[in-house]
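Peer 1: As input, take query_1.cif (mmCIF, C-alpha atoms and all ligand atoms):
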data_protein
#
loop_
_atom_site.label_atom_id
_atom_site.label_comp_id
_atom_site.auth_asym_id
_atom_site.auth_seq_id
_atom_site.Cartn_x
_atom_site.Cartn_y
_atom_site.Cartn_z
CA MET A 3 87.26 77.31 105.70
CA ASN A 4 85.79 77.16 102.20
CA GLU A 5 84.17 73.97 100.83
CA SER A 6 87.01 73.56 98.34
CA GLY A 7 89.37 73.36 101.30
CA GLY A 8 91.17 76.70 101.23
CA LEU A 9 91.25 79.62 103.64
CA LEU A 10 92.06 81.86 100.67
CA LEU A 11 88.50 81.53 99.41
CA SER A 12 86.85 81.99 102.78
CA PRO A 13 85.14 85.32 103.56
CA ILE A 14 86.77 88.00 105.68
CA ARG A 15 85.25 90.99 107.46
CA ILE A 16 86.84 94.41 107.29
CA GLY A 17 84.82 96.70 109.53
CA GLN A 18 81.21 96.29 108.42
CA LEU A 19 82.20 94.91 105.02
CA THR A 20 82.43 91.20 104.22
CA LEU A 21 84.70 90.25 101.33
CA PRO A 22 84.39 86.91 99.52
CA GLY A 23 88.08 85.92 99.58
CA ARG A 24 91.48 86.76 101.02
CA LEU A 25 93.67 87.64 98.03
CA PHE A 26 93.47 91.37 97.32
CA LYS A 27 94.94 93.58 94.61
CA THR A 28 97.23 95.96 96.49
CA ALA A 29 97.98 99.55 95.49
CA THR A 30 100.05 100.06 92.33
CA ALA A 31 100.30 103.72 91.25
CA GLU A 32 98.29 103.37 88.07
CA THR A 33 99.27 106.77 86.60
CA ARG A 34 96.55 106.56 83.95
CA ALA A 35 94.68 109.76 84.88
CA THR A 36 94.86 113.04 82.96
CA GLU A 37 97.81 115.35 83.74
CA ASP A 38 95.62 117.18 86.25
CA GLY A 39 94.43 113.99 87.96
CA PHE A 40 91.03 113.38 86.41
CA VAL A 41 89.88 109.81 85.73
CA THR A 42 90.26 108.52 82.16
CA GLU A 43 88.57 105.63 80.34
CA GLU A 44 91.94 103.83 80.38
CA LEU A 45 91.96 103.98 84.19
CA VAL A 46 88.35 102.76 84.47
CA GLU A 47 89.19 99.82 82.21
CA PHE A 48 92.21 98.92 84.39
CA TYR A 49 89.98 98.45 87.44
CA ARG A 50 87.09 96.91 85.49
CA LEU A 51 89.33 94.05 84.35
CA LEU A 52 90.45 93.39 87.94
CA ALA A 53 86.80 93.23 89.01
CA GLN A 54 85.99 90.98 86.07
CA GLY A 55 88.69 88.68 87.43
CA LYS A 56 86.60 88.41 90.64
CA THR A 57 89.36 89.97 92.77
CA PRO A 58 87.81 90.05 96.28
CA LEU A 59 89.13 93.57 96.98
CA ILE A 60 90.85 96.10 94.73
CA ILE A 61 92.93 98.85 96.34
CA THR A 62 93.70 101.71 93.97
CA GLY A 63 97.19 103.07 93.50
CA ASN A 64 97.96 106.11 95.62
CA ILE A 65 95.59 109.00 95.01
CA TYR A 66 96.78 112.45 96.03
CA VAL A 67 94.75 114.31 98.63
CA SER A 68 96.09 117.73 97.62
CA ARG A 69 98.16 119.11 94.76
CA GLN A 70 101.04 119.47 97.25
CA GLY A 71 100.94 115.71 97.88
CA LYS A 72 101.15 114.68 94.21
CA SER A 73 104.16 112.49 93.39
CA ALA A 74 103.84 111.45 89.75
CA PRO A 75 102.54 112.70 86.42
CA ARG A 76 99.14 111.25 85.49
CA GLN A 77 98.48 110.31 89.13
CA THR A 78 94.79 110.31 90.11
CA GLY A 79 93.63 113.07 92.47
CA ALA A 80 90.80 113.30 95.01
CA ASP A 81 91.64 116.92 95.77
CA ASP A 82 88.64 118.57 94.15
CA ASP A 83 84.87 118.03 94.13
CA ALA A 84 85.02 118.28 90.34
CA LYS A 85 86.83 114.92 90.35
CA VAL A 86 83.98 113.03 92.06
CA PRO A 87 82.01 112.18 88.88
CA GLY A 88 85.14 110.68 87.29
CA LEU A 89 85.97 108.68 90.42
CA ALA A 90 82.37 107.44 90.39
CA ARG A 91 82.94 105.99 86.91
CA ILE A 92 85.56 103.70 88.47
CA THR A 93 83.32 102.46 91.27
CA GLU A 94 80.35 101.99 88.93
CA ALA A 95 82.45 99.83 86.58
CA VAL A 96 83.79 97.76 89.49
CA HIS A 97 80.40 97.34 91.15
CA ARG A 98 78.79 96.34 87.85
CA GLU A 99 81.21 93.38 87.81
CA GLY A 100 80.37 92.58 91.45
CA GLY A 101 83.70 93.87 92.80
CA ARG A 102 84.73 96.04 95.76
CA ILE A 103 87.24 98.86 95.65
CA PHE A 104 89.08 101.00 98.25
CA ALA A 105 90.85 104.27 97.41
CA GLN A 106 94.41 104.62 98.70
CA LEU A 107 94.85 108.19 99.95
CA ASN A 108 98.30 109.70 99.96
CA HIS A 109 100.46 112.78 100.42
CA CYS A 110 104.01 112.08 99.21
CA GLY A 111 105.81 114.51 101.53
CA ARG A 112 109.53 114.52 100.65
CA GLN A 113 109.38 111.48 98.35
CA VAL A 114 109.10 113.33 95.07
CA VAL A 115 111.41 114.80 92.48
CA PRO A 116 109.98 118.36 92.22
CA ASP A 117 110.74 118.75 88.47
CA PHE A 118 108.90 115.49 87.77
CA VAL A 119 105.55 116.93 88.89
CA GLY A 120 106.24 120.65 88.56
CA ALA A 121 106.26 121.18 92.34
CA GLN A 122 107.45 124.55 93.68
CA GLU A 123 108.38 123.25 97.11
CA VAL A 124 108.45 119.98 99.01
CA VAL A 125 107.28 119.49 102.60
CA SER A 126 107.79 116.84 105.26
CA ALA A 127 107.70 116.30 109.02
CA SER A 128 111.24 117.73 109.24
CA ALA A 129 113.80 119.15 106.82
CA VAL A 130 115.60 115.84 106.21
CA LYS A 131 117.03 115.47 102.72
CA ASP A 132 116.06 112.31 100.80
CA LEU A 133 119.36 110.57 100.05
CA LEU A 134 118.00 108.78 96.98
CA THR A 135 116.45 111.69 95.11
CA GLY A 136 118.39 114.55 96.70
CA THR A 137 115.09 116.31 97.47
CA ARG A 138 115.35 118.61 100.49
CA PRO A 139 111.97 119.34 102.05
CA ARG A 140 111.03 121.98 104.57
CA ALA A 141 109.16 121.13 107.78
CA LEU A 142 105.41 121.71 107.86
CA SER A 143 104.18 124.27 110.40
CA PRO A 144 101.35 123.21 112.77
CA ALA A 145 98.88 125.32 110.75
CA GLU A 146 100.01 123.61 107.55
CA ILE A 147 99.67 120.18 109.20
CA ALA A 148 96.06 121.07 110.00
CA GLU A 149 95.59 121.89 106.31
CA VAL A 150 96.98 118.49 105.22
CA VAL A 151 94.77 116.73 107.81
CA ARG A 152 91.75 118.52 106.37
CA ALA A 153 92.79 117.57 102.83
CA TYR A 154 92.82 113.88 103.83
CA GLY A 155 89.35 114.21 105.35
CA GLU A 156 87.97 115.99 102.32
CA ALA A 157 89.53 113.46 99.92
CA ALA A 158 87.93 110.60 101.89
CA ARG A 159 84.58 112.38 101.77
CA ARG A 160 84.88 112.67 97.98
CA CYS A 161 85.83 109.00 97.64
CA LYS A 162 82.84 107.91 99.69
CA ALA A 163 80.58 110.20 97.63
CA ALA A 164 82.05 108.60 94.50
CA GLY A 165 80.97 105.16 95.71
CA PHE A 166 84.23 103.67 96.99
CA ASP A 167 83.71 100.83 99.46
CA GLY A 168 86.45 102.08 101.78
CA VAL A 169 89.68 104.05 101.92
CA GLN A 170 93.24 103.19 102.81
CA MET A 171 95.58 105.66 104.55
CA HIS A 172 99.03 105.19 103.02
CA SER A 173 101.30 105.25 106.05
CA ALA A 174 103.98 102.96 104.61
CA ASN A 175 106.95 103.22 102.25
CA GLY A 176 108.26 106.58 103.41
CA TYR A 177 105.40 108.83 102.31
CA LEU A 178 104.23 111.71 104.51
CA LEU A 179 102.38 109.67 107.16
CA SER A 180 105.36 107.34 107.34
CA GLN A 181 107.72 110.36 107.52
CA PHE A 182 105.92 111.50 110.68
CA LEU A 183 106.08 108.01 112.21
CA THR A 184 109.78 107.37 111.68
CA PRO A 185 112.31 109.09 113.98
CA TYR A 186 114.84 109.36 111.14
CA THR A 187 112.50 111.65 109.16
CA ASN A 188 110.66 113.17 112.14
CA ARG A 189 113.00 115.37 114.25
CA ARG A 190 110.22 117.63 115.51
CA THR A 191 110.22 118.93 119.05
CA ASP A 192 106.54 119.95 119.11
CA ASP A 193 103.49 117.71 119.77
CA TYR A 194 104.07 115.83 116.48
CA GLY A 195 107.56 114.58 117.33
CA GLY A 196 109.32 112.70 120.11
CA ASN A 197 107.88 109.47 121.51
CA LEU A 198 105.74 107.02 119.55
CA GLU A 199 102.47 108.47 120.87
CA ARG A 200 103.46 111.90 119.54
CA ARG A 201 104.77 110.57 116.25
CA THR A 202 101.39 108.87 115.63
CA ARG A 203 99.56 112.12 116.35
CA PHE A 204 99.49 113.21 112.70
CA GLY A 205 98.11 109.78 111.69
CA ARG A 206 95.47 109.91 114.43
CA GLU A 207 94.39 113.40 113.35
CA VAL A 208 94.16 112.25 109.73
CA LEU A 209 92.05 109.27 110.79
CA ALA A 210 89.79 111.48 112.92
CA ALA A 211 89.33 113.90 110.00
CA ILE A 212 88.40 110.98 107.74
CA ARG A 213 86.04 109.43 110.30
CA ALA A 214 84.35 112.80 110.91
CA ARG A 215 83.39 112.84 107.24
CA VAL A 216 82.74 109.16 106.37
CA GLY A 217 81.25 107.94 109.65
CA ALA A 218 82.06 105.01 111.92
CA ASP A 219 80.75 102.27 109.60
CA PHE A 220 82.78 103.11 106.51
CA PRO A 221 85.88 100.88 106.18
CA VAL A 222 89.11 102.77 106.79
CA ILE A 223 92.30 100.71 106.64
CA ILE A 224 95.95 101.65 106.88
CA LYS A 225 99.10 100.51 105.09
CA MET A 226 102.18 100.45 107.32
CA ASN A 227 105.71 99.19 107.17
CA GLY A 228 106.65 95.97 108.95
CA SER A 229 110.17 97.40 108.93
CA ASP A 230 111.51 100.76 107.74
CA ALA A 231 114.60 98.97 106.38
CA LEU A 232 116.81 102.00 107.02
CA PRO A 233 120.09 100.53 108.23
CA LEU A 234 122.43 103.00 109.98
CA ARG A 235 119.53 105.44 110.25
CA GLU A 236 116.87 105.71 112.95
CA GLY A 237 114.23 103.57 111.26
CA LEU A 238 111.57 101.46 112.95
CA HIS A 239 111.31 97.69 113.30
CA ALA A 240 108.32 95.39 113.56
CA LYS A 241 107.89 95.61 117.33
CA GLU A 242 107.58 99.41 117.46
CA LEU A 243 105.59 99.58 114.22
CA ALA A 244 103.14 97.03 115.67
CA GLN A 245 102.74 99.32 118.70
CA ALA A 246 101.99 102.19 116.33
CA ALA A 247 99.44 99.96 114.57
CA LYS A 248 97.89 99.21 117.96
CA ILE A 249 97.50 102.93 118.58
CA MET A 250 95.83 103.28 115.17
CA GLU A 251 93.56 100.32 115.93
CA GLY A 252 92.53 102.08 119.15
CA ALA A 253 91.84 105.21 117.10
CA GLY A 254 89.52 103.27 114.81
CA VAL A 255 91.20 101.70 111.75
CA ASP A 256 89.58 98.50 110.52
CA ALA A 257 92.60 96.59 109.14
CA VAL A 258 96.31 97.03 108.53
CA GLU A 259 98.30 96.02 105.44
CA ILE A 260 102.00 95.33 105.99
CA SER A 261 104.68 96.46 103.53
CA VAL A 262 108.34 97.43 103.96
CA GLY A 263 110.85 100.20 103.31
CA HIS A 264 111.19 103.83 102.24
CA TYR A 265 112.59 105.07 98.88
CA GLU A 266 115.89 105.50 100.71
CA SER A 267 115.90 101.80 101.60
CA GLY A 268 116.51 100.74 98.00
CA PHE A 269 114.21 97.98 96.77
CA PRO A 270 113.10 95.74 99.68
CA MET A 271 109.50 96.62 98.74
CA VAL A 272 109.76 94.88 95.37
CA CYS A 273 112.15 91.95 95.82
CA GLY A 274 113.17 90.37 92.50
CA THR A 275 115.71 91.31 89.81
CA PHE A 276 116.67 94.84 88.79
CA GLY A 277 118.35 94.93 85.36
CA ARG A 278 115.22 95.92 83.42
CA CYS A 279 114.12 98.17 86.30
CA LEU A 280 117.26 100.34 86.47
CA HIS A 281 117.53 100.55 82.69
CA ALA A 282 113.96 101.86 82.40
CA MET A 283 114.34 104.16 85.43
CA LEU A 284 117.31 105.98 83.97
CA GLN A 285 115.24 106.86 80.93
CA GLY A 286 112.05 107.61 82.85
CA SER A 287 111.65 108.92 86.38
CA MET A 288 115.41 109.27 86.98
CA ALA A 289 115.82 111.50 83.94
CA HIS A 290 114.70 114.25 86.33
CA LEU A 291 117.36 113.53 88.94
CA PRO A 292 120.31 115.93 89.33
CA ALA A 293 122.86 115.27 86.55
CA TRP A 294 125.66 113.87 88.74
CA ARG A 295 123.35 111.24 90.27
CA ARG A 296 122.18 110.20 86.82
CA ILE A 297 125.72 110.01 85.44
CA LEU A 298 126.96 107.96 88.40
CA LEU A 299 124.03 105.57 88.07
CA THR A 300 124.54 105.21 84.32
CA ILE A 301 128.24 104.39 84.72
CA PHE A 302 127.74 101.99 87.60
CA ARG A 303 124.42 100.47 86.46
CA PRO A 304 125.77 96.92 85.95
CA LEU A 305 127.33 96.96 89.43
CA VAL A 306 124.27 98.53 91.03
CA THR A 307 122.11 95.88 89.34
CA LEU A 308 124.25 93.08 90.73
CA ALA A 309 124.16 94.60 94.21
CA CYS A 310 120.36 95.03 94.11
CA ASN A 311 119.85 91.47 92.83
CA PHE A 312 121.99 90.25 95.72
CA LEU A 313 120.38 92.41 98.43
CA TRP A 314 116.72 91.95 97.46
CA PRO A 315 116.24 88.60 95.71
CA GLY A 316 112.70 87.50 94.85
CA ARG A 317 111.09 85.45 97.59
CA GLU A 318 107.47 84.47 98.15
CA GLY A 319 105.77 86.26 101.02
CA PHE A 320 108.83 88.36 101.84
CA ASN A 321 107.04 90.50 104.46
CA LEU A 322 105.87 87.50 106.47
CA ASP A 323 108.95 87.99 108.69
CA HIS A 324 107.26 91.10 110.08
CA THR A 325 103.59 90.13 110.43
CA PRO A 326 103.78 88.00 113.62
CA ALA A 327 104.43 91.15 115.70
CA PHE A 328 101.27 92.72 114.26
CA LYS A 329 99.20 89.54 114.68
CA ALA A 330 100.26 89.41 118.33
CA ALA A 331 99.38 93.06 118.99
CA LEU A 332 96.16 93.54 117.01
CA SER A 333 92.58 92.23 116.87
CA ILE A 334 91.82 93.76 113.44
CA PRO A 335 92.74 91.83 110.25
CA VAL A 336 96.39 91.90 109.20
CA ILE A 337 96.96 91.83 105.44
CA CYS A 338 100.42 90.95 104.14
CA VAL A 339 101.75 92.17 100.79
CA GLY A 340 104.96 91.15 99.07
CA GLY A 341 105.94 88.32 96.76
CA PHE A 342 102.78 86.21 96.93
CA ARG A 343 102.70 84.20 93.73
CA THR A 344 101.40 80.68 94.42
CA ARG A 345 98.26 79.38 96.07
CA ALA A 346 100.31 77.04 98.28
CA VAL A 347 102.32 79.87 99.88
CA MET A 348 99.24 82.07 100.34
CA GLU A 349 97.29 79.22 101.96
CA ALA A 350 100.25 78.34 104.21
CA ALA A 351 100.59 81.95 105.42
CA LEU A 352 96.88 82.03 106.31
CA ALA A 353 96.86 78.53 107.83
CA GLN A 354 99.88 79.35 110.02
CA GLY A 355 98.11 82.48 111.26
CA LEU A 356 100.87 84.75 109.95
CA CYS A 357 98.23 87.04 108.45
CA ASP A 358 94.47 87.13 107.79
CA ALA A 359 94.64 88.02 104.10
CA VAL A 360 97.32 88.48 101.46
CA SER A 361 97.63 91.09 98.72
CA ALA A 362 99.63 91.28 95.51
CA GLY A 363 100.71 94.00 93.12
CA ARG A 364 102.97 92.96 90.26
CA PRO A 365 101.10 89.68 89.53
CA PHE A 366 97.92 91.70 88.87
CA LEU A 367 99.82 93.99 86.49
CA ALA A 368 100.93 90.90 84.56
CA ASP A 369 97.49 89.30 84.74
CA PRO A 370 94.34 91.19 85.80
CA PHE A 371 92.67 87.79 86.25
CA PHE A 372 95.37 86.60 88.68
CA PHE A 373 92.82 85.90 91.42
CA ARG A 374 90.53 83.82 89.20
CA HIS A 375 93.49 81.96 87.73
CA ILE A 376 94.84 81.16 91.21
CA ARG A 377 91.37 80.17 92.41
CA ASP A 378 90.66 77.86 89.47
CA ASN A 379 94.25 76.66 89.04
CA ILE A 380 94.38 77.99 85.47
CA PRO A 381 97.75 79.13 84.07
CA GLY A 382 97.85 82.82 83.12
CA PRO A 383 100.61 85.34 82.38
CA ARG A 384 102.95 84.92 85.36
CA CYS A 385 104.96 87.76 86.89
CA VAL A 386 108.68 86.93 87.13
CA ASP A 387 109.54 89.90 89.39
CA CYS A 388 111.73 91.53 86.72
CA ASN A 389 110.59 94.95 88.04
CA ALA A 390 110.37 96.55 84.61
CA CYS A 391 107.01 97.87 85.91
CA VAL A 392 108.85 99.67 88.71
CA GLY A 393 111.37 101.05 86.22
CA HIS A 394 108.62 102.62 84.14
CA LEU A 395 106.76 103.92 87.20
CA GLY A 396 105.60 107.48 86.80
CA ALA A 397 106.86 107.81 83.23
CA GLN A 398 104.38 105.31 81.79
CA PRO A 399 101.15 103.71 83.03
CA ALA A 400 101.66 100.94 85.60
CA ASP A 401 101.66 97.77 83.53
CA CYS A 402 103.74 94.72 82.77
CA TYR A 403 106.79 95.66 80.66
CA HIS A 404 108.39 92.22 80.36
CA PRO A 405 108.10 91.68 76.57
CA LYS A 406 107.11 88.00 76.67
CA ILE A 407 104.68 88.25 79.59
CA ARG A 408 103.14 91.45 78.24
CA ALA A 409 102.59 89.72 74.88
CA GLU A 410 100.81 86.86 76.70
CA LYS A 411 98.67 89.34 78.59
CA ASP A 412 97.79 91.34 75.46
CA ALA A 413 96.89 88.12 73.60
CA MET A 414 94.68 87.01 76.51
CA LEU A 415 92.84 90.33 76.58
CA ALA A 416 92.54 90.48 72.77
CA ALA A 417 90.98 87.00 72.78
CA LEU A 418 88.40 88.26 75.29
CA ARG A 419 87.44 91.13 73.02
CA ARG A 420 86.98 88.88 69.97
CA PRO A 421 83.30 88.31 69.21
C1 LIG B 501 104.37 99.61 89.59
C2 LIG B 501 104.18 99.65 91.09
C3 LIG B 501 103.50 100.72 91.68
C4 LIG B 501 103.30 100.74 93.06
N1 LIG B 501 102.56 101.76 93.60
C5 LIG B 501 102.21 101.71 94.91
C6 LIG B 501 101.29 102.64 95.45
O1 LIG B 501 100.75 103.51 94.76
N2 LIG B 501 101.00 102.55 96.76
C7 LIG B 501 101.54 101.57 97.56
O2 LIG B 501 101.21 101.50 98.74
N3 LIG B 501 102.40 100.68 97.08
C8 LIG B 501 102.73 100.70 95.77
N4 LIG B 501 103.53 99.73 95.24
C9 LIG B 501 104.02 98.65 96.12
C10 LIG B 501 103.03 97.48 96.10
O3 LIG B 501 101.84 97.86 96.76
C11 LIG B 501 103.61 96.22 96.78
O4 LIG B 501 103.96 96.56 98.10
C12 LIG B 501 104.83 95.64 96.08
O5 LIG B 501 104.63 95.62 94.68
C13 LIG B 501 105.12 94.23 96.57
O6 LIG B 501 104.06 93.36 96.26
P1 LIG B 501 104.16 92.32 95.02
O7 LIG B 501 105.37 91.47 95.27
O8 LIG B 501 102.88 91.54 95.06
O9 LIG B 501 104.31 93.12 93.78
C14 LIG B 501 103.79 99.70 93.87
C15 LIG B 501 104.47 98.64 93.28
C16 LIG B 501 104.66 98.60 91.90
C17 LIG B 501 105.35 97.42 91.32
#
Give the structure from this file in structure tokens form.
Ligand SMILES: Cc1cc2nc3c(=O)[nH]c(=O)nc-3n(C[C@H](O)[C@H](O)[C@H](O)COP(=O)(O)O)c2cc1C
Peer 2:
Amino acid sequence: MNESGGLLLSPIRIGQLTLPGRLFKTATAETRATEDGFVTEELVEFYRLLAQGKTPLIITGNIYVSRQGKSAPRQTGADDDAKVPGLARITEAVHREGGRIFAQLNHCGRQVVPDFVGAQEVVSASAVKDLLTGTRPRALSPAEIAEVVRAYGEAARRCKAAGFDGVQMHSANGYLLSQFLTPYTNRRTDDYGGNLERRTRFGREVLAAIRARVGADFPVIIKMNGSDALPLREGLHAKELAQAAKIMEGAGVDAVEISVGHYESGFPMVCGTFGRCLHAMLQGSMAHLPAWRRILLTIFRPLVTLACNFLWPGREGFNLDHTPAFKAALSIPVICVGGFRTRAVMEAALAQGLCDAVSAGRPFLADPFFFRHIRDNIPGPRCVDCNACVGHLGAQPADCYHPKIRAEKDAMLAALRRP
């Protein structure tokens, strides 16, 4: 426990790395790179501010490991050695402020609208159509799986060379690793499908490819669902997902971060309100959906908003329902993301042993100094879970799009820049 009486400010070890506190900035797809995935000054500044806010650990938004795994325009890539110098600009800026940063590595699999990123074809564990986007992938062949595994390894090598303090495998939220784990999206009959052991094979191979390139001492963590939240479909629940996490712990991951849901689940990942979100989505990322889906959503938007508000209301620590299964199964740190807004709730989650650290996304978009403000009990721009940020996802840089809160944030940052 820290002198000031809080677990939140006590150090935590992740592999060989000791971090000075237990509130992390989780991954939020920053989409501030160039169209072909190179780092921009705007992206460097995004992370620099988080480090200036003394955030104990920053996890980048999902970075694609290969062009095939890209899911959004202006997404950052780690798919090419030519990108290493740009990625190094991020880590240099963060380290200069005394911060630590992990790169979240991802392949989107079927969770992409092909027109949105100019993709020719979409791949997955099996050819299971995504009911939200209508995207129908084809199943990867074993030789192609080996190629994706290699891409993960090579991307991790580049991130380490660029000075990142660790990497995170994104195996949550219905992306490719999660598609292999979940029986609903993995119908394979070869060594990559079937029982849990087989369905974790792809993840274990990815981890081995990463370890082979970054070594045993480099922190490698994994993000997983605490629940797939796929009612009426063959999704996974906490108990089985915790067993999968145990297998990954045995294979050598250093910590697990718990999230929830696939795209097809709706919005359990970002509980809150959805009026601003759906409005922005229809003009942004959903503009690329097939016409009939767009028209239906436009007509029924008020009803859909009401239903979403009812199904996924904002709640602090909304994934804490799932973490006890992981705490019981694992020895490595369990990080919980989802709805953490107040120091009291974060401290209670840690004190009750529901998790070892907490992470937050939207509050850091509203206020890059969220950690420092929580630590010092200073009011800052406060996220109200309106999800306008989610609505603009992909079409505009990840940021706060609530007019009043954004104005507060901009004024705070402008005051900093004044001589
Ligand atoms: C704008 C936005 C972008 C996101 N991008 C990612 C991402 O790239 N990778 C990921 O694992 N989760 C992503 N998430 C989900 C967050 O990591 C997190 O699970 C979610 O926002 C709930 O945490 P919060 O209540 O603290 O915002 C994103 C969320 C938002 C709002």
Peer 1: Counting only C-alpha atoms and all ligand atoms, which protein, DNA or RNA residues come within 8 Å of ligand LIG 501 (chain B), given as a PyMOL selection string?
Peer 2: chain A and resi 28-32+62-65+106+172+174-175+225+261-262+271-273+318-319+339-343+361-367+387+389+391-395+400-401
Peer 1: List the residues sitting within 12 Å of (91.0, 101.3, 85.0) in the file's frame, using all atoms listed in the file, as a PyMOL selection string.
Peer 2: chain A and resi 30-35+41-54+60-63+78+88-96+103+367+370+399-401
Peer 1: One number please: CA of Ala350 in chain A to CA of Arg24 in chain A, in Å, one decimal.
Peer 2: 12.6 Å
Peer 1: Using only C-alpha atoms, which residue out of A:Val67, A:Val150, A:Ala359, A:Ala214 lies closest to Pro22 in chain A?
Peer 2: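 Of the candidates, the smallest distance to Pro22 in chain A is held by A:Ala359.
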Peer 1: What is the CA of Leu243 in chain A to CA of Val114 in chain A distance in Å?
Peer 2: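 We find that CA of Leu243 in chain A and CA of Val114 in chain A lie 23.8 Å from each other.
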Peer 1: I'd like to know which of A:Val360, A:Leu305, A:Ala289, A:Ile16 is closest to Gly254 in chain A, using only C-alpha atoms.
Peer 2: A:Ile16
Peer 1: Using all atoms listed in the file, which protein or nucleic acid residues come within 9 Å of Thr135 in chain A? Drop anything in the same chain fewer than 4 positions from it, and give the result as a CSV table (one decimal) with C-alpha atoms, in the coordinates of the input.
Peer 2:
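The resulting file, result-v6.csv, is shown below:
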chain,number,residue,atom,x,y,z
A,113,GLN,CA,109.4,111.5,98.4
A,114,VAL,CA,109.1,113.3,95.1
A,115,VAL,CA,111.4,114.8,92.5
A,131,LYS,CA,117.0,115.5,102.7
A,265,TYR,CA,112.6,105.1,98.9
A,266,GLU,CA,115.9,105.5,100.7
A,288,MET,CA,115.4,109.3,87.0
A,291,LEU,CA,117.4,113.5,88.9
A,292,PRO,CA,120.3,115.9,89.3
A,295,ARG,CA,123.4,111.2,90.3
Peer 1: Do a neighbour search on Leu198 in chain A at 12 Å with all atoms listed in the file, toss out local chain neighbours closer than 6 positions, and write the hits as an NGL selection string.
Peer 2: :A and (182-185 or 188 or 204-206 or 238 or 241-250)
Peer 1: For Ala327 in chain A, which residue among A:Ile407, A:Ala240, A:Ala163, A:Ala231 is the nearest when counting only C-alpha atoms?
Peer 2: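 Of all the options, A:Ala240 lies closest to Ala327 in chain A.
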Peer 1: At most 10 Å from (102.4, 122.5, 107.3), file frame, only C-alpha atoms: which residues, as a list in words?
Peer 2: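 The requested residues, written out, are Val125, Ser126, Ala127, Arg140, Ala141, Leu142, Ser143, Pro144, Ala145, Glu146, Ile147, Ala148, Glu149, Val150 and Val151 of chain A.
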Peer 1: Any chance you can output those residues with C-alpha atoms as a compact mmCIF listing (two decimals), in the frame of the given file?
Peer 2:
# COMPACT_ATOMS: atom_id res chain seq x y z
CA VAL A 125 107.28 119.49 102.60
CA SER A 126 107.79 116.84 105.26
CA ALA A 127 107.70 116.30 109.02
CA ARG A 140 111.03 121.98 104.57
CA ALA A 141 109.16 121.13 107.78
CA LEU A 142 105.41 121.71 107.86
CA SER A 143 104.18 124.27 110.40
CA PRO A 144 101.35 123.21 112.77
CA ALA A 145 98.88 125.32 110.75
CA GLU A 146 100.01 123.61 107.55
CA ILE A 147 99.67 120.18 109.20
CA ALA A 148 96.06 121.07 110.00
CA GLU A 149 95.59 121.89 106.31
CA VAL A 150 96.98 118.49 105.22
CA VAL A 151 94.77 116.73 107.81
Peer 1: Please, what distance in Å, to one decimal, runs between CA of Phe328 in chain A and CA of Gly217 in chain A?
Peer 2: 25.6 Å
Peer 1: Name all residues at most 9 Å from Thr307 in chain A (count all atoms listed in the file; drop same-chain ones fewer than 6 positions away) and give them as an NGL selection string.
Peer 2: :A and (275-277 or 279-280)
Peer 1: Need to verify the contact set: His264 in chain A, 12 Å, all atoms listed in the file, exclusion of same-chain residues closer than 3 positions in sequence. Can you return it as an NGL selection string?
Peer 2: :A and (110-113 or 132-135 or 173-181 or 183-184 or 186-187 or 226-233 or 235 or 237-238 or 261 or 267-272)
Peer 1: Write out as JSON, numbers by chain which residues come within 8 Å of Ile223 in chain A when counting all atoms listed in the file, dropping same-chain ones fewer than 5 positions away.
Peer 2: {"A": [168, 169, 170, 171, 255, 256, 257, 258, 259]}
Peer 1: Between A:Leu25, A:Ile337, A:Leu10, A:Ala80, which one has atoms that come closest to Phe371 in chain A, using all atoms listed in the file?
Peer 2: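 Of A:Leu25, A:Ile337, A:Leu10, A:Ala80, the one nearest Phe371 in chain A is A:Leu25, counting all atoms listed in the file.
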Peer 1: Counting all atoms listed in the file, which of A:Ile334, A:Leu19, A:Ile376, A:Ala157 gets nearest to Cys357 in chain A?
Peer 2: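 When distances to Cys357 in chain A are compared using all atoms listed in the file, the smallest one comes from A:Ile334.
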